[in-house]
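First the structure, in the form of structure tokens, and then the observations on it.
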Amino acid sequence: MLNYIYDSTFDGLLCTLSVAFKEGSNFTISPSSENQMFIDSLSIDIVTDKNLAEKTYIRMEKRWGKLVLQNIYKGFLYPQTENLIALYISFLMKSPSKELVINHPSLIDFEKRILKISREIHRWHGFLRFKELQNGFFYSSYEPDYDLTPLIIPHFASRFKNQSLIIHDTKRNYGAFYQNKEIFYSRLDNIKELPLSKNEEFYQKGWKAYFESLAIESRKNPKLQMSMMPKKYWRFLIEKREGDS
Amino acid sequence: METVEKLKILAESAKYDVSCSSSGSKPRKSSPNSIGDVKVSGICHTFTSDGRCVSLFKVLMTNYCIYDCRYCINRTSNDIKRALMTPREICELTISFYKRNYIEGLFLSSGIVKNPSHTMELLLETVKMLREEYFFMGYIHLKAIPGADSLLISKAGEYVDRLSSNIELPSKESLKILAPDKTYKDILTPMHIVNSKLLEHKEIKIKNKNHFVPAGQSTQMIVGASPERDGHIIRLSEELYNRFSLKRVYYSSYIPVNNDSTLPAINVSPPLLREHRLYQADWLLRFYGFKSNDLIDVNEDFDLAFDPKAQYALKNLHLFPIEINKAPYDMLLKIPGVGVKSAQRIIAARKWGSLSFEDLKKMGIVMKRAKFFILCSGKHFMGIRFCEDNIQDFMLMDEKVKNKVSEGIQLSIFDLEPSEVFTSTTGNI
């Protein structure tokens, strides 16, 4: 069996898929970072070619639509999912209905991983908090389990189209910027102090006071709160941060 | 009074309204200056320590009120701090909170000042300002004030995503005793107006025109303050769904805030499990094809030990066991432990071949429940024999084990339906 090794980038994965399926469907894919020795398989290094990646992307999108590409990208964000992605594609190539494919019993695991990514995206859509800075930017920092920023920023860019936004992934040290209808990415190390706009503290205080008044004492259920909003999100929430406004 | 102080008072007064859903709406036409949009699935932005989702900035314009509803914290005879916010103040707060991603939008309600129409006018002014001056395209849920001029109510419908008018109590008689200033007629009139307008819009399919309450209307009733049985309550909900095509009926466990001879004692704890059973039954009406008659007699309450679908299955054992690989969709939905998502998944997956118990488990079917009621390719689940006499005992045993593990009431959500789970109280089974 052939084992393809790629550079862990999405472009690299697309190139690998393109090359591999031309040769048949009996293969495995692994990222270069976990390059194990396969005794009984032949390893092939794939060189990432931007052009080929783009062509492959467009071809797949034309054939199967946006949703399938989204599934593949979400799968890519989940560790060690390359082979499930390949399986997904091999079913897509055989099946007359692309909607049905995701329900194939051998893809349950793949579907679950995608769901996990989608769920985290959905949660951050709700839990991300912006602070207004002196320079007019709305800044937000977070640490998602998966590298979601490219999937998160479009939601905020369309919602706050006239605001300037920064979404800072402090775990991966980069930020997505949105300004004048354009999105760009840049390396961003941890910033200690950001000068806030003059109203920022007022609204943070107001929100915190509001939030605290909302709970109904006789229905108290911290377990339910925790399961709906796990603790790992709390330090990013203005209303849940202690002694900080 | 300072804004923060006002916020506290008006949040405190608004918190007993259950709904916080921001789902199911349609986007408005945006303009270059507009801010915001709506998400079909709705988004929860935080959860209070009682585990309720906060999606909207839920607030009263004022907690001054001329009415004296017995159960209400804001009744005129209560000596509490009162506050009032102007339309401008509400708009500024909504926009500023929204820009920081604290909320999906506004849920605005109010005590009655002067008279219903005057109150409704102020609410209308606020939502109009939010849409036309601030170009806000996010979600707005507005209370229709019972007794207000019908023109004001239908005008408000053009600006908001959802209108609601609370039925408050499950019968006319109880309303008379506990909310003497309100009548069923006043409460149902806004529902009528909204429903007929909605039908009108549907029929002529007005294009390029802004919507009329695209997220539909909802209502809320208090459970446990008056003597109505679950069977009566669920029939009332069914009628409301049928007659006014409501999107949701919310049930709110009675929480004593006032000492009053007409009400349960102040130290009674809210009937949360009962409320949960009602939500589950409500779900069965809306998504599982059940009728109230299938579920419960008019003078009965739901058994707190089992969810209503399990109760149905136990009463109708002749319909079971159901063959997973053959049963039509509507029968799959009748199986305890199989939700809407699971039933759809089974239908889709079995096109690829016969499903085994192992497949079902992987697909998220709650086998602990379902195992008593299903066959896979003619076989029972390992070790289960379908015997009418002891299913209930076995299920009870499972329940007991569960209760030992998690003390007290556990409002479990058996089958995740992300859109609803993320947005509001659910009773999905």
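Residue numbering restarts at 1 in every chain; chains get A, B, ... in the order shown in the structure tokens, and ligands count up from 1 in that same order.
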Per-residue nearest contacts chain B to chain A, cut-off 6 Å, using only C-alpha atoms, as a tab-separated table:
```
residue	atom	partner	partner_atom	distance
B:Val4	CA	A:Gly206	CA	5.2
B:Leu7	CA	A:Tyr210	CA	5.8
B:Lys8	CA	A:Tyr210	CA	5.4
B:Ala11	CA	A:Leu214	CA	5.9
B:Glu12	CA	A:Ser213	CA	5.3
B:Lys15	CA	A:Leu214	CA	5.5
B:Ile35	CA	A:Phe160	CA	5.7
B:Gly36	CA	A:Arg159	CA	4.4
B:Asp37	CA	A:Arg159	CA	5.5
B:Ile43	CA	A:Gly126	CA	5.7
B:Cys44	CA	A:Gly126	CA	5.5
B:His45	CA	A:Gly126	CA	4.2
B:Phe47	CA	A:Gln225	CA	5.8
B:Thr48	CA	A:Ala215	CA	5.4
B:Ser49	CA	A:Pro222	CA	5.3
B:Asp50	CA	A:Lys220	CA	4.0
B:Gly51	CA	A:Gln225	CA	3.9
B:Arg100	CA	A:Phe130	CA	4.5
B:Asn101	CA	A:Arg129	CA	5.5
B:Ala349	CA	A:Asn103	CA	5.2
```
Just to be explicit: take each residue in the selection above, keep N, CA and C atoms, and write the result as a short mmCIF file (atom, residue, chain, number, x, y, z; two decimals), in the first residue's frame.
```
data_model
loop_
_atom_site.label_atom_id
_atom_site.label_comp_id
_atom_site.auth_asym_id
_atom_site.auth_seq_id
_atom_site.Cartn_x
_atom_site.Cartn_y
_atom_site.Cartn_z
N VAL B 4 -26.45 51.89 35.25
CA VAL B 4 -26.18 50.56 35.78
C VAL B 4 -27.26 50.14 36.78
N LEU B 7 -30.38 49.29 34.88
CA LEU B 7 -30.20 47.99 34.23
C LEU B 7 -30.50 46.86 35.20
N LYS B 8 -29.97 47.01 36.41
CA LYS B 8 -30.17 45.97 37.42
C LYS B 8 -31.65 45.79 37.71
N ALA B 11 -33.60 44.41 34.61
CA ALA B 11 -33.27 43.02 34.30
C ALA B 11 -33.94 42.11 35.32
N GLU B 12 -33.81 42.51 36.57
CA GLU B 12 -34.44 41.78 37.69
C GLU B 12 -35.94 41.58 37.42
N LYS B 15 -36.65 39.02 34.24
CA LYS B 15 -36.04 37.69 34.14
C LYS B 15 -37.03 36.53 34.21
N ILE B 35 -26.12 47.48 10.77
CA ILE B 35 -25.31 46.63 11.64
C ILE B 35 -26.15 45.42 12.03
N GLY B 36 -25.52 44.26 11.94
CA GLY B 36 -26.17 43.08 12.48
C GLY B 36 -26.86 42.21 11.47
N ASP B 37 -27.15 40.99 11.89
CA ASP B 37 -27.92 40.05 11.08
C ASP B 37 -28.53 39.02 12.02
N ILE B 43 -28.27 32.02 18.47
CA ILE B 43 -26.99 31.89 19.16
C ILE B 43 -27.17 32.23 20.63
N CYS B 44 -26.62 31.39 21.51
CA CYS B 44 -26.62 31.71 22.93
C CYS B 44 -25.32 32.43 23.25
N HIS B 45 -25.41 33.52 23.98
CA HIS B 45 -24.19 34.27 24.27
C HIS B 45 -23.63 34.02 25.65
N PHE B 47 -24.70 31.89 29.76
CA PHE B 47 -25.68 31.14 30.54
C PHE B 47 -25.63 31.61 31.98
N THR B 48 -26.81 31.89 32.55
CA THR B 48 -26.85 32.35 33.93
C THR B 48 -26.65 31.16 34.87
N SER B 49 -26.49 31.44 36.16
CA SER B 49 -26.19 30.36 37.10
C SER B 49 -27.37 29.41 37.30
N ASP B 50 -28.55 29.75 36.74
CA ASP B 50 -29.64 28.78 36.76
C ASP B 50 -29.65 27.95 35.47
N GLY B 51 -28.62 28.14 34.65
CA GLY B 51 -28.45 27.32 33.46
C GLY B 51 -29.27 27.77 32.27
N ARG B 100 -20.32 44.45 20.93
CA ARG B 100 -19.33 43.71 21.71
C ARG B 100 -19.60 42.21 21.71
N ASN B 101 -20.63 41.81 20.95
CA ASN B 101 -21.04 40.41 20.84
C ASN B 101 -21.53 39.83 22.17
N ALA B 349 -29.29 6.15 6.77
CA ALA B 349 -28.21 5.16 6.86
C ALA B 349 -28.65 3.79 6.38
#
```
For A:Asn3, work out the shell of residues within 8 Å, counting only C-alpha atoms and skipping chain neighbours fewer than 6 positions away, then give it as an NGL selection string. :A and (27-30 or 41-44)
Could you write those residues out with N, CA and C atoms, as an mmCIF file, in the first residue's frame?
```
data_model
loop_
_atom_site.group_PDB
_atom_site.id
_atom_site.type_symbol
_atom_site.label_atom_id
_atom_site.label_comp_id
_atom_site.auth_asym_id
_atom_site.auth_seq_id
_atom_site.Cartn_x
_atom_site.Cartn_y
_atom_site.Cartn_z
ATOM 1 N N PHE A 27 -4.680 3.660 -0.448
ATOM 2 C CA PHE A 27 -3.537 4.423 0.047
ATOM 3 C C PHE A 27 -3.835 4.981 1.423
ATOM 4 N N THR A 28 -2.822 5.464 2.090
ATOM 5 C CA THR A 28 -3.014 6.191 3.343
ATOM 6 C C THR A 28 -2.295 7.533 3.231
ATOM 7 N N ILE A 29 -2.715 8.467 4.100
ATOM 8 C CA ILE A 29 -2.073 9.783 4.107
ATOM 9 C C ILE A 29 -1.599 10.078 5.519
ATOM 10 N N SER A 30 -0.398 10.590 5.656
ATOM 11 C CA SER A 30 -0.007 11.059 6.985
ATOM 12 C C SER A 30 0.770 12.362 6.889
ATOM 13 N N SER A 41 4.806 -0.546 3.576
ATOM 14 C CA SER A 41 4.218 0.351 2.588
ATOM 15 C C SER A 41 5.270 1.300 2.051
ATOM 16 N N LEU A 42 4.980 1.772 0.883
ATOM 17 C CA LEU A 42 5.916 2.646 0.203
ATOM 18 C C LEU A 42 5.532 4.093 0.497
ATOM 19 N N SER A 43 6.475 4.905 0.990
ATOM 20 C CA SER A 43 6.160 6.290 1.308
ATOM 21 C C SER A 43 6.500 7.221 0.155
ATOM 22 N N ILE A 44 5.603 8.132 -0.087
ATOM 23 C CA ILE A 44 5.844 9.117 -1.140
ATOM 24 C C ILE A 44 5.665 10.509 -0.557
#
```
Shell around B:Ser354 at 12 Å using only C-alpha atoms, local window under 6 positions removed, as a ChimeraX atom specification: /A:104-105 /B:323-326,346-348,360,375-378
Write a file of the just-selected residues containing N, CA and C atoms, as an mmCIF file, in the first residue's frame.
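Output (again-v3.cif):
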```cif
data_model
loop_
_atom_site.group_PDB
_atom_site.id
_atom_site.type_symbol
_atom_site.label_atom_id
_atom_site.label_comp_id
_atom_site.auth_asym_id
_atom_site.auth_seq_id
_atom_site.Cartn_x
_atom_site.Cartn_y
_atom_site.Cartn_z
ATOM 1 N N HIS A 104 -23.329 7.343 5.611
ATOM 2 C CA HIS A 104 -22.827 5.977 5.487
ATOM 3 C C HIS A 104 -22.288 5.515 6.840
ATOM 4 N N PRO A 105 -22.664 4.287 7.264
ATOM 5 C CA PRO A 105 -22.222 3.815 8.578
ATOM 6 C C PRO A 105 -20.705 3.909 8.806
ATOM 7 N N GLU B 323 -39.391 -2.734 14.173
ATOM 8 C CA GLU B 323 -38.218 -3.168 13.401
ATOM 9 C C GLU B 323 -37.509 -1.943 12.798
ATOM 10 N N ILE B 324 -36.292 -1.731 13.283
ATOM 11 C CA ILE B 324 -35.527 -0.549 12.872
ATOM 12 C C ILE B 324 -35.271 -0.505 11.365
ATOM 13 N N ASN B 325 -35.075 -1.663 10.778
ATOM 14 C CA ASN B 325 -34.709 -1.679 9.364
ATOM 15 C C ASN B 325 -35.891 -1.562 8.405
ATOM 16 N N LYS B 326 -37.113 -1.561 8.973
ATOM 17 C CA LYS B 326 -38.271 -1.486 8.072
ATOM 18 C C LYS B 326 -39.244 -0.355 8.414
ATOM 19 N N ILE B 346 -31.417 7.211 10.811
ATOM 20 C CA ILE B 346 -31.704 5.795 10.555
ATOM 21 C C ILE B 346 -32.222 5.623 9.132
ATOM 22 N N ILE B 347 -33.169 6.476 8.746
ATOM 23 C CA ILE B 347 -33.737 6.391 7.396
ATOM 24 C C ILE B 347 -32.633 6.527 6.348
ATOM 25 N N ALA B 348 -31.738 7.511 6.564
ATOM 26 C CA ALA B 348 -30.679 7.748 5.577
ATOM 27 C C ALA B 348 -29.675 6.603 5.583
ATOM 28 N N LEU B 360 -26.527 1.519 15.602
ATOM 29 C CA LEU B 360 -27.454 2.430 16.291
ATOM 30 C C LEU B 360 -26.758 3.171 17.418
ATOM 31 N N LEU B 375 -36.364 -3.983 17.320
ATOM 32 C CA LEU B 375 -35.722 -5.159 16.737
ATOM 33 C C LEU B 375 -34.781 -4.665 15.656
ATOM 34 N N CYS B 376 -33.642 -5.372 15.515
ATOM 35 C CA CYS B 376 -32.764 -5.123 14.377
ATOM 36 C C CYS B 376 -32.724 -6.400 13.565
ATOM 37 N N SER B 377 -33.190 -6.351 12.341
ATOM 38 C CA SER B 377 -33.278 -7.541 11.485
ATOM 39 C C SER B 377 -33.909 -8.708 12.241
ATOM 40 N N GLY B 378 -34.991 -8.433 12.917
ATOM 41 C CA GLY B 378 -35.760 -9.486 13.582
ATOM 42 C C GLY B 378 -35.247 -9.897 14.940
#
```
Could you pull the residues within 9 Å of A:Ile121, counting only C-alpha atoms, minus those fewer than 6 positions along the same chain, as a VMD selection string? chain A and resid 144 148 to 149 151 to 152
Restricting the output to C-alpha atoms, write the selected residues as a tab-separated table (two decimals), in the first residue's frame.
```tsv
chain	number	residue	atom	x	y	z
A	144	PRO	CA	-10.04	27.64	20.44
A	148	LEU	CA	-10.95	27.90	13.77
A	149	THR	CA	-10.20	31.56	13.13
A	151	LEU	CA	-14.03	29.77	9.87
A	152	ILE	CA	-15.11	32.25	12.58
```
Quick check for you: according to DSSP on this backbone, which residues of stretch 22-184 of chain A are classed as strand (DSSP E)? Reply as a ChimeraX atom specification. /A:27-31,42-45,131-132,137-142,164-169,174-179,182-184
Okay, now the selection with N, CA and C atoms, as a compact mmCIF listing (two decimals), in the first residue's frame?
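Output saved as selection.txt:
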```
# COMPACT_ATOMS: atom_id res chain seq x y z
N PHE A 27 -4.68 3.66 -0.45
CA PHE A 27 -3.54 4.42 0.05
C PHE A 27 -3.84 4.98 1.42
N THR A 28 -2.82 5.46 2.09
CA THR A 28 -3.01 6.19 3.34
C THR A 28 -2.30 7.53 3.23
N ILE A 29 -2.71 8.47 4.10
CA ILE A 29 -2.07 9.78 4.11
C ILE A 29 -1.60 10.08 5.52
N SER A 30 -0.40 10.59 5.66
CA SER A 30 -0.01 11.06 6.98
C SER A 30 0.77 12.36 6.89
N PRO A 31 0.60 13.23 7.90
CA PRO A 31 1.32 14.49 7.90
C PRO A 31 2.79 14.26 8.21
N LEU A 42 4.98 1.77 0.88
CA LEU A 42 5.92 2.65 0.20
C LEU A 42 5.53 4.09 0.50
N SER A 43 6.48 4.90 0.99
CA SER A 43 6.16 6.29 1.31
C SER A 43 6.50 7.22 0.16
N ILE A 44 5.60 8.13 -0.09
CA ILE A 44 5.84 9.12 -1.14
C ILE A 44 5.66 10.51 -0.56
N ASP A 45 6.65 11.37 -0.70
CA ASP A 45 6.52 12.75 -0.23
C ASP A 45 5.82 13.58 -1.29
N LYS A 131 -13.77 44.07 22.79
CA LYS A 131 -13.57 45.31 23.56
C LYS A 131 -13.26 46.41 22.56
N GLU A 132 -13.86 47.57 22.82
CA GLU A 132 -13.58 48.68 21.92
C GLU A 132 -12.28 49.35 22.34
N PHE A 137 -10.72 50.03 16.94
CA PHE A 137 -10.83 48.60 16.66
C PHE A 137 -11.64 47.89 17.75
N PHE A 138 -12.37 46.86 17.35
CA PHE A 138 -13.00 45.97 18.33
C PHE A 138 -12.14 44.72 18.42
N TYR A 139 -11.55 44.52 19.59
CA TYR A 139 -10.55 43.47 19.76
C TYR A 139 -11.10 42.32 20.59
N SER A 140 -10.75 41.12 20.18
CA SER A 140 -11.19 39.95 20.92
C SER A 140 -10.07 38.91 20.94
N SER A 141 -9.86 38.30 22.10
CA SER A 141 -8.86 37.24 22.13
C SER A 141 -9.52 35.95 22.59
N TYR A 142 -9.02 34.86 22.09
CA TYR A 142 -9.58 33.56 22.47
C TYR A 142 -8.58 32.45 22.21
N SER A 164 -14.19 47.77 12.66
CA SER A 164 -12.87 47.18 12.42
C SER A 164 -12.64 46.15 13.51
N LEU A 165 -12.30 44.93 13.10
CA LEU A 165 -12.23 43.84 14.06
C LEU A 165 -10.86 43.18 14.12
N ILE A 166 -10.52 42.71 15.32
CA ILE A 166 -9.35 41.83 15.46
C ILE A 166 -9.80 40.60 16.25
N ILE A 167 -9.57 39.44 15.70
CA ILE A 167 -9.81 38.21 16.47
C ILE A 167 -8.46 37.53 16.65
N HIS A 168 -8.02 37.49 17.91
CA HIS A 168 -6.66 37.10 18.23
C HIS A 168 -6.65 35.71 18.85
N ASP A 169 -6.05 34.75 18.18
CA ASP A 169 -5.88 33.41 18.73
C ASP A 169 -4.59 33.42 19.54
N TYR A 174 -1.65 34.23 16.35
CA TYR A 174 -1.93 35.00 15.14
C TYR A 174 -3.32 35.62 15.26
N GLY A 175 -3.57 36.60 14.42
CA GLY A 175 -4.85 37.29 14.49
C GLY A 175 -5.46 37.44 13.11
N ALA A 176 -6.79 37.47 13.10
CA ALA A 176 -7.50 37.80 11.87
C ALA A 176 -7.96 39.24 12.01
N PHE A 177 -7.70 40.04 11.01
CA PHE A 177 -8.09 41.44 11.01
C PHE A 177 -9.18 41.64 9.98
N TYR A 178 -10.14 42.48 10.33
CA TYR A 178 -11.17 42.83 9.35
C TYR A 178 -11.31 44.34 9.34
N GLN A 179 -11.12 44.92 8.18
CA GLN A 179 -11.25 46.37 8.06
C GLN A 179 -11.60 46.72 6.63
N GLU A 182 -12.30 43.94 4.19
CA GLU A 182 -11.26 42.98 3.84
C GLU A 182 -10.77 42.22 5.06
N ILE A 183 -10.47 40.94 4.83
CA ILE A 183 -9.95 40.11 5.91
C ILE A 183 -8.49 39.80 5.62
N PHE A 184 -7.64 39.99 6.63
CA PHE A 184 -6.27 39.51 6.46
C PHE A 184 -5.75 38.94 7.77
```
Interatomic distance (Å, one decimal) between atom CA of B:Phe306 and atom CA of B:Ile335: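 Separation of atom CA of B:Phe306 and atom CA of B:Ile335: 13.7 Å.
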Selection near B:Lys334, 8 Å with only C-alpha atoms, sequence-local residues under 5 positions removed, as a PyMOL selection string: chain B and resi 288+309+313
Output file for the selection above: C-alpha atoms, as a PDB file, in the first residue's frame:
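Done, and the output landed in again_7.pdb:
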```pdb
ATOM      1  CA  TYR B 288     -43.174  13.823  16.695  1.00  0.00           C
ATOM      2  CA  LYS B 309     -42.911   9.274  25.296  1.00  0.00           C
ATOM      3  CA  ALA B 313     -44.895   3.405  24.830  1.00  0.00           C
TER       4      ALA B 313
END
```
Please measure the separation of atom CA of A:Ser118 and atom CA of A:Ile85, giving the value in Å to one decimal. 16.1 Å
Pull the helix (DSSP H, G or I) assignments for stretch 7-190 of chain A out of DSSP run on the backbone, and list those residues as a ChimeraX atom specification. /A:10-23,32-34,50-64,66-77,82-94,98-101,105-127,149-159
Nearest residue to A:Leu92 out of A:Ile191, A:Ile117, A:Ile153, A:Met60, using only C-alpha atoms?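 The closest residue to A:Leu92 is A:Met60.
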Nearby residues (only C-alpha atoms) at most 8 Å from stretch 134-147 of chain B, same-chain spacing under 5 positions excluded, as a count of residues only: 42
